[in-house]
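Shown next, in structure tokens, is the structure this report addresses.
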Amino acid sequence: MKVVVTGARGMLGEDVVEVLQKKHDLIPVDITGAPAVYLDITRLEAVLRFFETEKPDLVVHTAGWRDVDGCEEDQEKALLINTFGARNVALACKLNCAVMIHISTDYVYSGRGKKAVTEYSPTDPVNFYGYSKLKAEEEIMGLLDRFFILRLPFLFGRGGHKENNPLHRIISLLQKGDQVEVTADQICSPTHTLDVARVIEMMMDTEYYGLYNVSSSGEASRYDFFLELASLCGLDKRLLIPVNSKIKKAKRSHYTVFNALVYKNTFDTGPGHWRMALKECIDRIKVS
């Protein structure tokens with residue numbers, strides 16, 4: 001199968017490329033260019049030309065702007081990249097009969113309650129990042145019949161740009177002996193990007209199109225998660241300072257633990273517990 005991966009140099013994109021390139025004719029594209037192919041998803045004509053030339057069977061759309069506070073401050077940019085960029089890719093898929101796998105977010109949910117959210121839970125984003133991603137979902141569902149939309153929680157992995165990678169950033173600060181403020185009131189199911197890539201590989205061999213919540217099992221605040229990270233890396237956990245997310249510019253969803261009702265009743269396998277996934281990720285970082 002000929003597969004295009006957008007955002008191929010990002011944290012998730014790198015693991016998707018690593019997993020899929022073993023069995024598929026894969027074309028990695030990214031706004032940063034080499035070693036991926038340069039493509040600006042906000043330029044419709046460029047996207048259409050690229051698809052017409054390459055004629056992919058399937059596209060994994062991981063590209064997006066995930067700076068939650070940045071999206072709140074520059075809402076037009078958020079719409080351009082997260083919403084119109086996804087729309088452009090969906091249009092190209094429609095015109096070239098390609099399947100689209102789109103990466104969305106748990107920020108489409110409000111997270112105001114204390115009950116795990118299913119794919120049928122009402123959407124009510126509390127920040128503009130979540131709004132821009134929800135509108136992207138709506139564009140895709142309006143244009144395509146053959147799509148997978150994966151709503152994902154807080155992601156961690158070894159790849160991408162180190163300055164944007166939460167694991168590398170926290171490890172580096174703790175190694176220097178710096179105190180790090182981490183939110184303690186955002187609770188979700190942290191998920192390894194490698195596990196997401198494995199789910200994508202499994203899904204793309206089916207025709208079970210639709211919208212799915214995908215995450216590891218278990219739940220944790222960001223503070224809980226980074227305490228486990230420090231423990232696994234032998235770093236001083238006392239340097240982690242729990243804080244409230246109210247200090248952020250954009251509001252945050254507070255409880256978005258998934259009950260992946262549709263996913264669990266459609267597919268036989270999925271990610272395990274986030275603690276085991278984090279250990280696997282740290283082991284990969286140590287040997288890379």
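Note on naming: chains are A, B, ... as they come in the structure tokens, residues start from 1 per chain, ligands start from 1 in the order shown.
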>> Need the shell around Gln175 (chain A): protein/DNA/RNA residues with any atom at most 9 Å away, counting only C-alpha atoms. Skip same-chain ones fewer than 5 positions apart. Format as a list in words?
In response: Ile170, Leu235 and Asp236 of chain A
Counting only C-alpha atoms, what are the residues of region 75-128 of chain A within 12 Å of region 21-41 of chain A, and for each of them which pair of atoms is the nearest and at what distance in Å, to one decimal? Sort the table by chain and rising number, as JSON lines.
{"residue": "A:Leu80", "atom": "CA", "partner": "A:Ile41", "partner_atom": "CA", "distance": 9.1}
{"residue": "A:Ile81", "atom": "CA", "partner": "A:Ile41", "partner_atom": "CA", "distance": 7.3}
{"residue": "A:Asn82", "atom": "CA", "partner": "A:Ile41", "partner_atom": "CA", "distance": 9.4}
{"residue": "A:Thr83", "atom": "CA", "partner": "A:Ile41", "partner_atom": "CA", "distance": 10.3}
{"residue": "A:Phe84", "atom": "CA", "partner": "A:Ile41", "partner_atom": "CA", "distance": 8.3}
{"residue": "A:Gly85", "atom": "CA", "partner": "A:Ile41", "partner_atom": "CA", "distance": 5.0}
{"residue": "A:Ala86", "atom": "CA", "partner": "A:Ile41", "partner_atom": "CA", "distance": 7.6}
{"residue": "A:Arg87", "atom": "CA", "partner": "A:Ile41", "partner_atom": "CA", "distance": 9.1}
{"residue": "A:Asn88", "atom": "CA", "partner": "A:Ile41", "partner_atom": "CA", "distance": 6.7}
{"residue": "A:Val89", "atom": "CA", "partner": "A:Ile41", "partner_atom": "CA", "distance": 7.0}
{"residue": "A:Ala90", "atom": "CA", "partner": "A:Ile41", "partner_atom": "CA", "distance": 10.6}
{"residue": "A:Leu91", "atom": "CA", "partner": "A:Ile41", "partner_atom": "CA", "distance": 11.3}
{"residue": "A:Ala92", "atom": "CA", "partner": "A:Ile41", "partner_atom": "CA", "distance": 10.5}
> region 169-272 of chain A: which residues are alpha helix (DSSP H) by DSSP, as a VMD selection string?
Replying inline: chain A and resid 169 to 175 193 to 203 222 to 233 261 to 264
Those same residues, written as a PDB file, in the first residue's frame with C-alpha atoms?
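Result file part_0.pdb:
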ATOM      1  CA  ARG A 169      12.463  18.472  28.271  1.00  0.00           C
ATOM      2  CA  ILE A 170      11.627  17.221  31.767  1.00  0.00           C
ATOM      3  CA  ILE A 171      14.560  14.783  31.891  1.00  0.00           C
ATOM      4  CA  SER A 172      16.959  17.553  30.850  1.00  0.00           C
ATOM      5  CA  LEU A 173      15.665  19.963  33.499  1.00  0.00           C
ATOM      6  CA  LEU A 174      15.769  17.359  36.274  1.00  0.00           C
ATOM      7  CA  GLN A 175      19.289  16.303  35.287  1.00  0.00           C
ATOM      8  CA  THR A 193       3.146   7.285  20.327  1.00  0.00           C
ATOM      9  CA  LEU A 194       4.516   3.859  19.393  1.00  0.00           C
ATOM     10  CA  ASP A 195       1.284   2.274  20.638  1.00  0.00           C
ATOM     11  CA  VAL A 196      -0.724   4.715  18.516  1.00  0.00           C
ATOM     12  CA  ALA A 197       1.370   3.761  15.481  1.00  0.00           C
ATOM     13  CA  ARG A 198       0.625   0.091  16.156  1.00  0.00           C
ATOM     14  CA  VAL A 199      -3.097   0.855  16.354  1.00  0.00           C
ATOM     15  CA  ILE A 200      -2.914   2.720  13.046  1.00  0.00           C
ATOM     16  CA  GLU A 201      -1.132  -0.215  11.415  1.00  0.00           C
ATOM     17  CA  MET A 202      -3.864  -2.544  12.629  1.00  0.00           C
ATOM     18  CA  MET A 203      -6.747  -0.244  11.634  1.00  0.00           C
ATOM     19  CA  ARG A 222       0.707  15.215  34.435  1.00  0.00           C
ATOM     20  CA  TYR A 223       2.302  15.333  37.880  1.00  0.00           C
ATOM     21  CA  ASP A 224       1.717  11.588  38.449  1.00  0.00           C
ATOM     22  CA  PHE A 225       3.132  10.849  35.020  1.00  0.00           C
ATOM     23  CA  PHE A 226       6.332  12.806  35.493  1.00  0.00           C
ATOM     24  CA  LEU A 227       6.830  11.344  38.972  1.00  0.00           C
ATOM     25  CA  GLU A 228       6.887   7.924  37.307  1.00  0.00           C
ATOM     26  CA  LEU A 229       9.270   9.250  34.647  1.00  0.00           C
ATOM     27  CA  ALA A 230      11.661  10.560  37.305  1.00  0.00           C
ATOM     28  CA  SER A 231      11.504   7.250  39.156  1.00  0.00           C
ATOM     29  CA  LEU A 232      12.295   5.232  36.016  1.00  0.00           C
ATOM     30  CA  CYS A 233      15.223   7.515  35.187  1.00  0.00           C
ATOM     31  CA  LEU A 261     -16.441   2.061  24.003  1.00  0.00           C
ATOM     32  CA  VAL A 262     -16.545   1.964  20.208  1.00  0.00           C
ATOM     33  CA  TYR A 263     -12.875   1.055  19.848  1.00  0.00           C
ATOM     34  CA  LYS A 264     -13.048  -1.828  22.349  1.00  0.00           C
TER      35      LYS A 264
END
Closest contacts (region 142-224 of chain A/region 102-108 of chain A, max 8 Å, only C-alpha atoms) as CSV:
residue,atom,partner,partner_atom,distance
A:Phe147,CA,A:His102,CA,7.5
A:Phe148,CA,A:His102,CA,6.2
A:Ile149,CA,A:His102,CA,4.8
A:Leu150,CA,A:Ile103,CA,5.1
A:Arg151,CA,A:Ser104,CA,4.5
A:Leu152,CA,A:Thr105,CA,4.7
A:Pro153,CA,A:Asp106,CA,5.1
Might you pull out every residue within 8 Å of Thr183 (chain A), with only C-alpha atoms counted and same-chain residues fewer than 4 positions away left off, and present them as an mmCIF file with N, CA and C atoms, in the first residue's frame?
data_model
loop_
_atom_site.group_PDB
_atom_site.id
_atom_site.type_symbol
_atom_site.label_atom_id
_atom_site.label_comp_id
_atom_site.auth_asym_id
_atom_site.auth_seq_id
_atom_site.Cartn_x
_atom_site.Cartn_y
_atom_site.Cartn_z
ATOM 1 N N SER A 221 -2.471 12.199 36.412
ATOM 2 C CA SER A 221 -2.271 13.622 36.145
ATOM 3 C C SER A 221 -0.902 13.788 35.500
ATOM 4 N N ARG A 222 -0.630 14.963 34.972
ATOM 5 C CA ARG A 222 0.707 15.215 34.435
ATOM 6 C C ARG A 222 1.748 15.033 35.550
ATOM 7 N N TYR A 223 1.391 15.463 36.740
ATOM 8 C CA TYR A 223 2.302 15.333 37.880
ATOM 9 C C TYR A 223 2.578 13.861 38.187
ATOM 10 N N PRO A 242 3.925 20.305 41.958
ATOM 11 C CA PRO A 242 2.555 20.278 41.430
ATOM 12 C C PRO A 242 1.924 21.667 41.448
ATOM 13 N N VAL A 243 1.282 22.035 40.322
ATOM 14 C CA VAL A 243 0.614 23.337 40.223
ATOM 15 C C VAL A 243 -0.760 23.148 39.593
ATOM 16 N N ASN A 244 -1.556 24.196 39.661
ATOM 17 C CA ASN A 244 -2.889 24.202 39.082
ATOM 18 C C ASN A 244 -2.822 24.723 37.654
ATOM 19 N N SER A 245 -3.622 24.151 36.756
ATOM 20 C CA SER A 245 -3.574 24.566 35.348
ATOM 21 C C SER A 245 -4.148 25.956 35.128
#
>> If we count only C-alpha atoms and set the cut-off at 9 Å, which residues sit around region 58-70 of chain A, ignoring sequence neighbours fewer than 5 positions away in its own chain? Please answer as an MDAnalysis selection string.
In response: chainID A and resid 1:8 10 12:13 16 30:31 41 75 77:78 81:83 85:86 89 93 97:104 127:130 133 200 204 248:252
For the residues in the current selection, export C-alpha atoms as a compact mmCIF listing (two decimals), in the first residue's frame.
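Result file follows (part-v2.txt):
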# COMPACT_ATOMS: atom_id res chain seq x y z
CA MET A 1 0.00 0.00 0.00
CA LYS A 2 1.24 3.50 -0.81
CA VAL A 3 0.99 5.63 2.34
CA VAL A 4 1.62 9.34 2.97
CA VAL A 5 2.36 10.46 6.54
CA THR A 6 2.00 14.19 7.23
CA GLY A 7 3.87 15.70 10.15
CA ALA A 8 6.40 12.92 9.65
CA GLY A 10 6.92 15.11 14.74
CA LEU A 12 3.92 10.77 16.62
CA GLY A 13 4.82 11.02 12.95
CA VAL A 16 4.15 6.05 12.49
CA ASP A 30 6.57 17.63 6.76
CA ILE A 31 6.63 21.43 6.76
CA ILE A 41 -0.79 21.50 4.21
CA GLN A 75 -6.79 31.68 16.54
CA LYS A 77 -3.28 30.40 12.64
CA ALA A 78 -4.89 27.57 14.62
CA ILE A 81 -3.24 24.69 10.28
CA ASN A 82 -5.55 22.48 12.32
CA THR A 83 -8.86 22.96 10.51
CA GLY A 85 -5.03 21.98 6.75
CA ALA A 86 -7.07 18.90 7.61
CA VAL A 89 -5.88 16.82 3.04
CA CYS A 93 -8.14 12.20 -0.37
CA CYS A 97 -9.97 7.96 -3.61
CA ALA A 98 -7.58 7.67 -0.65
CA VAL A 99 -8.43 6.65 2.90
CA MET A 100 -7.67 9.25 5.58
CA ILE A 101 -6.53 8.56 9.13
CA HIS A 102 -6.78 11.79 11.09
CA ILE A 103 -5.28 12.52 14.50
CA SER A 104 -7.56 14.46 16.83
CA ASN A 127 -10.04 26.10 24.49
CA PHE A 128 -9.48 27.14 20.89
CA TYR A 129 -7.08 24.29 20.15
CA GLY A 130 -9.86 21.82 20.92
CA LYS A 133 -9.56 20.15 16.03
CA ILE A 200 -2.91 2.72 13.05
CA MET A 204 -5.55 0.42 8.11
CA LYS A 248 -2.02 28.62 31.81
CA LYS A 249 -3.23 31.13 29.21
CA ALA A 250 -5.79 28.73 27.73
CA LYS A 251 -8.23 26.67 29.78
CA ARG A 252 -7.49 22.96 30.08
Mind listing the strand (DSSP E) residues of region 71-206 of chain A, per DSSP on the backbone, as a compact mmCIF listing (two decimals) with N, CA and C atoms, in the first residue's frame?
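File produced: selection.txt:
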# COMPACT_ATOMS: atom_id res chain seq x y z
N VAL A 99 -7.93 6.72 1.53
CA VAL A 99 -8.43 6.65 2.90
C VAL A 99 -7.66 7.66 3.75
N MET A 100 -8.34 8.29 4.69
CA MET A 100 -7.67 9.25 5.58
C MET A 100 -7.74 8.78 7.02
N ILE A 101 -6.60 8.78 7.69
CA ILE A 101 -6.53 8.56 9.13
C ILE A 101 -6.11 9.88 9.75
N HIS A 102 -6.99 10.44 10.55
CA HIS A 102 -6.78 11.79 11.09
C HIS A 102 -6.57 11.73 12.60
N ILE A 103 -5.59 12.47 13.07
CA ILE A 103 -5.28 12.52 14.50
C ILE A 103 -5.98 13.71 15.14
N SER A 104 -6.87 13.41 16.09
CA SER A 104 -7.56 14.46 16.83
C SER A 104 -7.13 14.40 18.30
N THR A 105 -7.93 14.94 19.18
CA THR A 105 -7.48 15.19 20.56
C THR A 105 -8.59 15.01 21.58
N PHE A 147 -12.79 7.06 6.35
CA PHE A 147 -11.87 7.77 7.24
C PHE A 147 -11.84 7.08 8.60
N PHE A 148 -10.73 7.28 9.29
CA PHE A 148 -10.60 6.95 10.71
C PHE A 148 -10.21 8.25 11.42
N ILE A 149 -10.95 8.62 12.43
CA ILE A 149 -10.56 9.75 13.27
C ILE A 149 -10.19 9.19 14.64
N LEU A 150 -8.97 9.46 15.07
CA LEU A 150 -8.47 8.96 16.36
C LEU A 150 -8.35 10.12 17.33
N ARG A 151 -9.19 10.12 18.34
CA ARG A 151 -9.04 11.11 19.41
C ARG A 151 -8.04 10.56 20.41
N LEU A 152 -6.98 11.33 20.64
CA LEU A 152 -5.88 10.89 21.49
C LEU A 152 -5.70 11.82 22.68
N LEU A 155 0.20 12.68 24.74
CA LEU A 155 1.09 11.71 24.12
C LEU A 155 2.52 11.87 24.61
N PHE A 156 3.23 10.76 24.65
CA PHE A 156 4.66 10.79 24.94
C PHE A 156 5.36 9.83 24.00
N VAL A 180 10.74 21.90 38.43
CA VAL A 180 9.83 21.91 37.28
C VAL A 180 8.39 21.94 37.79
N GLU A 181 7.63 22.95 37.38
CA GLU A 181 6.22 23.00 37.73
C GLU A 181 5.41 22.15 36.75
N VAL A 182 4.57 21.27 37.29
CA VAL A 182 3.78 20.35 36.48
C VAL A 182 2.34 20.37 36.97
N THR A 183 1.39 20.44 36.04
CA THR A 183 -0.01 20.51 36.45
C THR A 183 -0.46 19.21 37.10
N ILE A 187 -6.20 15.22 34.31
CA ILE A 187 -6.13 13.77 34.43
C ILE A 187 -6.61 13.12 33.14
N CYS A 188 -5.79 12.23 32.60
CA CYS A 188 -6.13 11.51 31.38
C CYS A 188 -5.43 10.15 31.41
N THR A 191 -0.45 8.27 26.72
CA THR A 191 -0.36 7.22 25.70
C THR A 191 0.92 7.35 24.88
N HIS A 192 1.57 6.22 24.67
CA HIS A 192 2.83 6.14 23.94
C HIS A 192 2.56 6.27 22.43
>> For a test of reading the model, state the distance in Å between CA of Ser217 (chain A) and CA of Glu139 (chain A), rounded to one decimal.
In response: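 Going from CA of Ser217 (chain A) over to CA of Glu139 (chain A) covers 29.6 Å.
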> With only C-alpha atoms as the basis for distance, which of A:Phe258, A:Leu211, A:Phe50, A:Glu119 is at the shortest distance from Glu138 (chain A)?
Replying inline: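 Among the listed residues, A:Leu211 lies closest to Glu138 (chain A).
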>> Considering only C-alpha atoms, can you say which of A:Ser121, A:Asn164, A:Thr42, A:Thr53 comes closest to Arg9 (chain A)?
In response: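 Of A:Ser121, A:Asn164, A:Thr42, A:Thr53, the one nearest Arg9 (chain A), counting only C-alpha atoms, is A:Asn164.
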